[in-house]
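Data from entry.pdb: PDB, C-alpha atoms
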ATOM      1  CA  MET A  75      90.511  34.199 261.501
ATOM      2  CA  THR A  76      90.683  37.967 261.383
ATOM      3  CA  SER A  77      91.933  40.072 264.242
ATOM      4  CA  PRO A  78      89.595  42.302 266.277
ATOM      5  CA  GLY A  79      91.342  45.374 264.868
ATOM      6  CA  THR A  80      90.540  44.334 261.293
ATOM      7  CA  ASP A  81      86.866  43.711 262.196
ATOM      8  CA  SER A  82      86.509  47.166 263.729
ATOM      9  CA  VAL A  83      87.952  48.894 260.641
ATOM     10  CA  THR A  84      85.707  46.923 258.293
ATOM     11  CA  THR A  85      82.625  47.636 260.401
ATOM     12  CA  SER A  86      83.320  51.364 260.604
ATOM     13  CA  GLU A  87      84.015  51.769 256.864
ATOM     14  CA  LYS A  88      81.144  49.694 255.481
ATOM     15  CA  PRO A  89      78.270  52.072 256.380
ATOM     16  CA  SER A  90      80.129  55.020 254.852
ATOM     17  CA  THR A  91      80.718  53.061 251.626
ATOM     18  CA  ILE A  92      77.076  51.996 251.411
ATOM     19  CA  GLU A  93      75.666  55.446 252.055
ATOM     20  CA  ASP A  94      77.959  57.299 249.671
ATOM     21  CA  ARG A  95      75.882  56.891 246.523
ATOM     22  CA  PHE A  96      74.389  59.245 243.981
ATOM     23  CA  ILE A  97      70.954  60.594 244.828
ATOM     24  CA  TYR A  98      68.520  61.608 242.120
ATOM     25  CA  TRP A  99      65.850  63.780 243.724
ATOM     26  CA  PRO A 100      67.922  67.001 243.353
ATOM     27  CA  SER A 101      68.183  66.424 239.597
ATOM     28  CA  TYR A 102      64.481  65.607 239.272
ATOM     29  CA  ALA A 103      63.461  68.617 241.378
ATOM     30  CA  GLY A 104      65.779  70.953 239.463
ATOM     31  CA  ALA A 105      64.528  69.693 236.095
ATOM     32  CA  ALA A 106      60.941  70.217 237.265
ATOM     33  CA  MET A 107      61.777  73.841 238.152
ATOM     34  CA  MET A 108      63.277  74.403 234.692
ATOM     35  CA  LEU A 109      60.213  72.986 232.944
ATOM     36  CA  PHE A 110      57.905  75.001 235.193
ATOM     37  CA  ALA A 111      59.798  78.202 234.378
ATOM     38  CA  ALA A 112      59.592  77.465 230.646
ATOM     39  CA  PHE A 113      55.853  76.878 231.001
ATOM     40  CA  VAL A 114      55.126  79.963 233.111
ATOM     41  CA  PHE A 115      57.164  82.332 230.940
ATOM     42  CA  SER A 116      55.635  81.069 227.703
ATOM     43  CA  TRP A 117      52.791  82.798 225.888
ATOM     44  CA  PRO A 118      49.902  83.008 226.452
ATOM     45  CA  VAL A 119      50.485  81.338 229.830
ATOM     46  CA  ALA A 120      52.533  84.280 231.124
ATOM     47  CA  ALA A 121      49.637  86.638 230.537
ATOM     48  CA  ILE A 122      47.613  84.634 233.056
ATOM     49  CA  ALA A 123      50.421  83.484 235.338
ATOM     50  CA  PHE A 124      51.564  87.019 236.151
ATOM     51  CA  SER A 125      48.077  88.400 236.656
ATOM     52  CA  MET A 126      46.291  88.203 240.001
ATOM     53  CA  LEU A 127      46.757  84.420 239.851
ATOM     54  CA  SER A 128      50.407  84.926 240.780
ATOM     55  CA  LEU A 129      49.216  85.726 244.310
ATOM     56  CA  ILE A 130      48.000  82.123 244.497
ATOM     57  CA  TRP A 131      50.843  80.093 243.011
ATOM     58  CA  ALA A 132      53.879  82.286 243.742
ATOM     59  CA  PRO A 133      53.865  81.883 247.581
ATOM     60  CA  PHE A 134      53.552  78.100 247.315
ATOM     61  CA  LEU A 135      56.355  77.965 244.755
ATOM     62  CA  ALA A 136      58.561  80.138 246.974
ATOM     63  CA  ILE A 137      57.962  77.847 249.954
ATOM     64  CA  ILE A 138      58.793  74.762 247.891
ATOM     65  CA  ILE A 139      61.998  76.347 246.555
ATOM     66  CA  VAL A 140      63.116  77.395 250.057
ATOM     67  CA  ILE A 141      62.456  73.923 251.499
ATOM     68  CA  LEU A 142      64.252  72.124 248.664
ATOM     69  CA  SER A 143      67.175  74.563 248.817
ATOM     70  CA  VAL A 144      67.582  74.068 252.573
ATOM     71  CA  VAL A 145      67.413  70.289 252.229
ATOM     72  CA  ALA A 146      69.906  70.326 249.349
ATOM     73  CA  LEU A 147      72.313  72.591 251.268
ATOM     74  CA  TRP A 148      72.031  70.435 254.384
ATOM     75  CA  THR A 149      72.692  67.326 252.278
ATOM     76  CA  ILE A 150      75.757  68.913 250.664
ATOM     77  CA  VAL A 151      77.280  70.037 253.976
ATOM     78  CA  ARG A 152      76.512  66.799 255.818
ATOM     79  CA  SER A 153      77.805  64.645 252.962
ATOM     80  CA  ALA A 154      80.984  66.708 252.628
ATOM     81  CA  VAL A 155      81.667  66.429 256.368
ATOM     82  CA  ASN A 156      81.242  62.652 256.130
ATOM     83  CA  ARG A 157      83.317  62.582 252.905
ATOM     84  CA  GLN A 158      80.397  61.185 250.953
ATOM     85  CA  TRP A 159      81.397  62.899 247.751
ATOM     86  CA  ARG A 160      78.939  61.199 245.396
ATOM     87  CA  ARG A 161      76.041  62.265 247.565
ATOM     88  CA  ALA A 162      77.400  65.805 247.943
ATOM     89  CA  ILE A 163      77.999  66.253 244.214
ATOM     90  CA  SER A 164      74.574  64.954 243.224
ATOM     91  CA  ALA A 165      72.895  67.261 245.769
ATOM     92  CA  CYS A 166      74.489  70.235 243.990
ATOM     93  CA  ALA A 167      72.256  69.521 240.990
ATOM     94  CA  PHE A 168      69.235  71.275 242.488
ATOM     95  CA  PRO A 169      70.774  74.723 243.130
ATOM     96  CA  LEU A 170      72.603  74.626 239.782
ATOM     97  CA  LEU A 171      69.473  73.721 237.818
ATOM     98  CA  LEU A 172      67.480  76.282 239.795
ATOM     99  CA  LEU A 173      69.924  79.000 238.713
ATOM    100  CA  ALA A 174      69.624  77.802 235.121
ATOM    101  CA  ALA A 175      65.802  77.852 235.131
ATOM    102  CA  LEU A 176      65.338  81.449 233.934
ATOM    103  CA  PRO A 177      67.997  81.323 231.162
ATOM    104  CA  PHE A 178      66.511  77.995 230.063
ATOM    105  CA  ALA A 179      63.015  79.535 229.945
ATOM    106  CA  ARG A 180      64.266  82.357 227.718
ATOM    107  CA  HIS A 181      65.947  79.951 225.297
ATOM    108  CA  ALA A 182      62.940  77.627 225.331
ATOM    109  CA  ALA A 183      60.527  80.450 224.446
ATOM    110  CA  PRO A 184      61.020  80.147 220.638
ATOM    111  CA  VAL A 185      60.271  76.414 220.832
ATOM    112  CA  VAL A 186      57.123  77.084 222.868
ATOM    113  CA  ASP A 187      56.041  79.774 220.383
ATOM    114  CA  ARG A 188      56.572  77.399 217.474
ATOM    115  CA  VAL A 189      54.519  74.621 219.095
ATOM    116  CA  HIS A 190      51.772  77.098 219.991
ATOM    117  CA  PHE A 191      51.694  78.320 216.390
ATOM    118  CA  LEU A 192      51.511  74.806 214.920
ATOM    119  CA  LEU A 193      48.552  73.957 217.146
ATOM    120  CA  TYR A 194      46.501  76.809 215.665
ATOM    121  CA  GLU A 195      48.024  77.168 212.191
ATOM    122  CA  SER A 196      45.060  75.631 210.378
ATOM    123  CA  LYS A 197      42.709  78.063 212.132
ATOM    124  CA  TYR A 198      44.881  80.989 211.062
ATOM    125  CA  GLN A 199      45.054  79.750 207.475
ATOM    126  CA  ASP A 200      41.272  79.408 207.313
ATOM    127  CA  LYS A 201      40.782  83.008 208.409
ATOM    128  CA  ILE A 202      43.417  84.281 205.976
ATOM    129  CA  ALA A 203      41.758  82.410 203.115
ATOM    130  CA  ARG A 204      38.574  84.406 203.759
ATOM    131  CA  LEU A 205      40.329  87.764 203.507
ATOM    132  CA  GLY A 206      39.941  89.945 200.447
ATOM    133  CA  GLN A 207      42.615  89.938 197.749
ATOM    134  CA  LYS A 208      43.052  93.733 197.447
ATOM    135  CA  GLY A 209      46.776  94.187 197.989
ATOM    136  CA  ALA A 210      48.920  92.116 200.289
ATOM    137  CA  ARG A 211      46.878  90.523 203.035
ATOM    138  CA  LEU A 212      47.469  91.409 206.694
ATOM    139  CA  ALA A 213      45.915  89.697 209.709
ATOM    140  CA  PHE A 214      46.468  89.855 213.480
ATOM    141  CA  PHE A 215      45.809  86.994 215.911
ATOM    142  CA  ASP A 216      45.799  87.816 219.615
ATOM    143  CA  TRP A 217      48.197  85.805 221.743
ATOM    144  CA  GLY A 218      47.316  87.478 225.018
ATOM    145  CA  GLY A 219      48.755  90.319 227.015
ATOM    146  CA  ASN A 220      49.927  91.295 230.446
ATOM    147  CA  ALA A 221      48.609  94.589 231.764
ATOM    148  CA  MET A 222      51.022  94.422 234.720
ATOM    149  CA  VAL A 223      54.045  94.773 232.442
ATOM    150  CA  GLY A 224      52.317  96.608 229.601
ATOM    151  CA  LEU A 225      53.030  94.018 226.915
ATOM    152  CA  ASN A 226      50.779  92.420 224.297
ATOM    153  CA  ARG A 227      51.670  89.676 221.854
ATOM    154  CA  PHE A 228      50.239  88.862 218.447
ATOM    155  CA  VAL A 229      50.806  86.455 215.606
ATOM    156  CA  VAL A 230      50.792  88.511 212.422
ATOM    157  CA  TYR A 231      50.253  87.251 208.901
ATOM    158  CA  ASP A 232      51.917  89.754 206.557
ATOM    159  CA  GLU A 233      51.894  88.726 202.925
ATOM    160  CA  SER A 234      54.207  91.621 202.037
ATOM    161  CA  ASP A 235      56.707  90.788 204.828
ATOM    162  CA  GLU A 236      57.147  94.520 205.398
ATOM    163  CA  ILE A 237      56.602  94.128 209.110
ATOM    164  CA  MET A 238      60.230  93.020 209.365
ATOM    165  CA  LEU A 239      61.480  96.225 207.752
ATOM    166  CA  PRO A 240      62.415  99.403 209.629
ATOM    167  CA  SER A 241      59.513 101.857 209.747
ATOM    168  CA  SER A 242      61.366 104.215 207.381
ATOM    169  CA  GLU A 243      61.381 101.508 204.679
ATOM    170  CA  GLN A 244      57.748 100.435 204.995
ATOM    171  CA  SER A 245      55.398 101.482 202.208
ATOM    172  CA  ALA A 246      52.497 103.870 202.653
ATOM    173  CA  ALA A 247      50.091 101.068 201.695
ATOM    174  CA  PHE A 248      51.449  98.875 204.485
ATOM    175  CA  VAL A 249      51.141 101.702 207.026
ATOM    176  CA  GLN A 250      47.524 102.198 205.962
ATOM    177  CA  ARG A 251      46.826  98.511 206.466
ATOM    178  CA  LEU A 252      48.330  98.759 209.964
ATOM    179  CA  GLU A 253      46.111 101.747 210.716
ATOM    180  CA  SER A 254      43.051  99.809 209.588
ATOM    181  CA  HIS A 255      43.888  97.247 212.303
ATOM    182  CA  GLY A 256      44.261  99.937 214.965
ATOM    183  CA  PHE A 257      48.055 100.230 214.867
ATOM    184  CA  GLY A 258      48.867 103.826 214.046
ATOM    185  CA  ARG A 259      52.648 103.758 214.450
ATOM    186  CA  PRO A 260      54.746 101.094 212.671
ATOM    187  CA  ASP A 261      57.522 101.547 215.244
ATOM    188  CA  ARG A 262      55.285 100.600 218.166
ATOM    189  CA  PHE A 263      56.293  96.938 217.850
ATOM    190  CA  ALA A 264      59.035  96.088 220.354
ATOM    191  CA  ASN A 265      59.928  92.712 218.898
ATOM    192  CA  VAL A 266      59.260  90.896 215.614
ATOM    193  CA  ILE A 267      60.228  87.228 215.218
ATOM    194  CA  ARG A 268      59.605  85.117 212.120
ATOM    195  CA  LEU A 269      57.665  81.894 212.792
ATOM    196  CA  ALA A 270      56.913  80.649 209.281
ATOM    197  CA  PRO A 271      56.618  82.135 205.770
ATOM    198  CA  HIS A 272      54.617  85.385 206.221
ATOM    199  CA  PHE A 273      53.906  84.593 209.901
ATOM    200  CA  TYR A 274      55.524  86.606 212.702
ATOM    201  CA  VAL A 275      55.356  86.840 216.487
ATOM    202  CA  VAL A 276      55.017  90.527 217.375
ATOM    203  CA  ASP A 277      55.280  92.177 220.800
ATOM    204  CA  GLU A 278      53.677  95.549 221.357
TER     205      GLU A 278
END

Go ahead and render the structure in this file as structure tokens.
Amino acid sequence: MTSPGTDSVTTSEKPSTIEDRFIYWPSYAGAAMMLFAAFVFSWPVAAIAFSMLSLIWAPFLAIIIVILSVVALWTIVRSAVNRQWRRAISACAFPLLLLAALPFARHAAPVVDRVHFLLYESKYQDKIARLGQKGARLAFFDWGGNAMVGLNRFVVYDESDEIMLPSSEQSAAFVQRLESHGFGRPDRFANVIRLAPHFYVVDE
């Protein structure tokens, strides 16, 4: 038979032991924010997402982030006060993943570009096959733009691969081909990234 003192200690400690467990919603919510950021900042989604449509989704996203942040902070403080360390640590996942969302989106961008390219590669190849054979072939495929930030993106097929060279090293024939596509200055491209043999992602 246990003493009354032992019963009271057991009764007071049991709820704390039961409640101090890892919770998973902060991790799920944080991972969802990272995936959403990667989606929104990908092309051509960003061209639409940061147009007038941002006035629709941005306020709702801000409200959701504020609510989840407040709940996570309250959970961390309350759990720490009650010495529920598992619960407090797992609640930290949301703010940490939220902070990592933008860096993750930037690093995920090449993967998104590659997938986007593979989805339409056969269409690009069909158009290139119909081009004339006079000199190295050059073709531009529009990947959208964002007038709010003044940026356009293209997939470029350049059989000569001169688009990767500095403008001072590009041939006169290549510059003429650029001009025929409406690009007068070779140095107007802000970013050139190789996707596949002769295929490049180009920002203007």

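Of the listed residues A:Leu147, A:Val140, A:Ala213, A:Ala175, the one whose atoms come nearest to Ile163 (chain A) is A:Leu147, with distances taken using all atoms listed in the file.
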
### Query
Residues at most 7 Å from region 92-102 of chain A, counting all atoms listed in the file, excluding those fewer than 4 positions away in the same chain, as JSON, numbers by chain?
{"A": [88, 106, 158, 159, 160, 161, 164, 165, 167, 168]}

May I have the residues within 12 Å of region 248-259 of chain A as an mmCIF file with C-alpha atoms, in the coordinates of the input, using all atoms listed in the file and disregarding those fewer than 5 positions away in the same chain?
data_model
loop_
_atom_site.group_PDB
_atom_site.id
_atom_site.type_symbol
_atom_site.label_atom_id
_atom_site.label_comp_id
_atom_site.auth_asym_id
_atom_site.auth_seq_id
_atom_site.Cartn_x
_atom_site.Cartn_y
_atom_site.Cartn_z
ATOM 1 C CA LYS A 208 43.052 93.733 197.447
ATOM 2 C CA GLY A 209 46.776 94.187 197.989
ATOM 3 C CA ALA A 210 48.920 92.116 200.289
ATOM 4 C CA ARG A 211 46.878 90.523 203.035
ATOM 5 C CA LEU A 212 47.469 91.409 206.694
ATOM 6 C CA ALA A 213 45.915 89.697 209.709
ATOM 7 C CA PHE A 214 46.468 89.855 213.480
ATOM 8 C CA PHE A 215 45.809 86.994 215.911
ATOM 9 C CA VAL A 230 50.792 88.511 212.422
ATOM 10 C CA TYR A 231 50.253 87.251 208.901
ATOM 11 C CA ASP A 232 51.917 89.754 206.557
ATOM 12 C CA GLU A 233 51.894 88.726 202.925
ATOM 13 C CA SER A 234 54.207 91.621 202.037
ATOM 14 C CA ASP A 235 56.707 90.788 204.828
ATOM 15 C CA GLU A 236 57.147 94.520 205.398
ATOM 16 C CA ILE A 237 56.602 94.128 209.110
ATOM 17 C CA MET A 238 60.230 93.020 209.365
ATOM 18 C CA LEU A 239 61.480 96.225 207.752
ATOM 19 C CA PRO A 240 62.415 99.403 209.629
ATOM 20 C CA SER A 241 59.513 101.857 209.747
ATOM 21 C CA SER A 242 61.366 104.215 207.381
ATOM 22 C CA GLU A 243 61.381 101.508 204.679
ATOM 23 C CA ALA A 264 59.035 96.088 220.354
ATOM 24 C CA GLU A 278 53.677 95.549 221.357
#

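CA of Gly218 (chain A) sits 13.3 Å away from CA of Phe191 (chain A).
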
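Taking CA of Ile138 (chain A) as the reference point, CA of Ala183 (chain A) is found at 24.2 Å.
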
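Across the chains present, the PyMOL selection byres ((chain A and resi 276) around 6) applied to this file returns Arg227, Phe228, Asn265, Val266, Val275 and Asp277 of chain A.
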
Export of the given selection (C-alpha atoms) as an mmCIF file, in the frame of the given file:
data_model
loop_
_atom_site.group_PDB
_atom_site.id
_atom_site.type_symbol
_atom_site.label_atom_id
_atom_site.label_comp_id
_atom_site.auth_asym_id
_atom_site.auth_seq_id
_atom_site.Cartn_x
_atom_site.Cartn_y
_atom_site.Cartn_z
ATOM 1 C CA ARG A 227 51.670 89.676 221.854
ATOM 2 C CA PHE A 228 50.239 88.862 218.447
ATOM 3 C CA ASN A 265 59.928 92.712 218.898
ATOM 4 C CA VAL A 266 59.260 90.896 215.614
ATOM 5 C CA VAL A 275 55.356 86.840 216.487
ATOM 6 C CA ASP A 277 55.280 92.177 220.800
#

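Using all atoms listed in the file for every distance, the candidate list A:Cys166, A:Leu173, A:Ala182, A:Leu135 yields A:Cys166 as the residue closest to Thr149 (chain A).
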
### Message
What's the separation between CA of Leu176 (chain A) and CA of Met107 (chain A), in Å to one decimal place?
### Response
9.4 Å
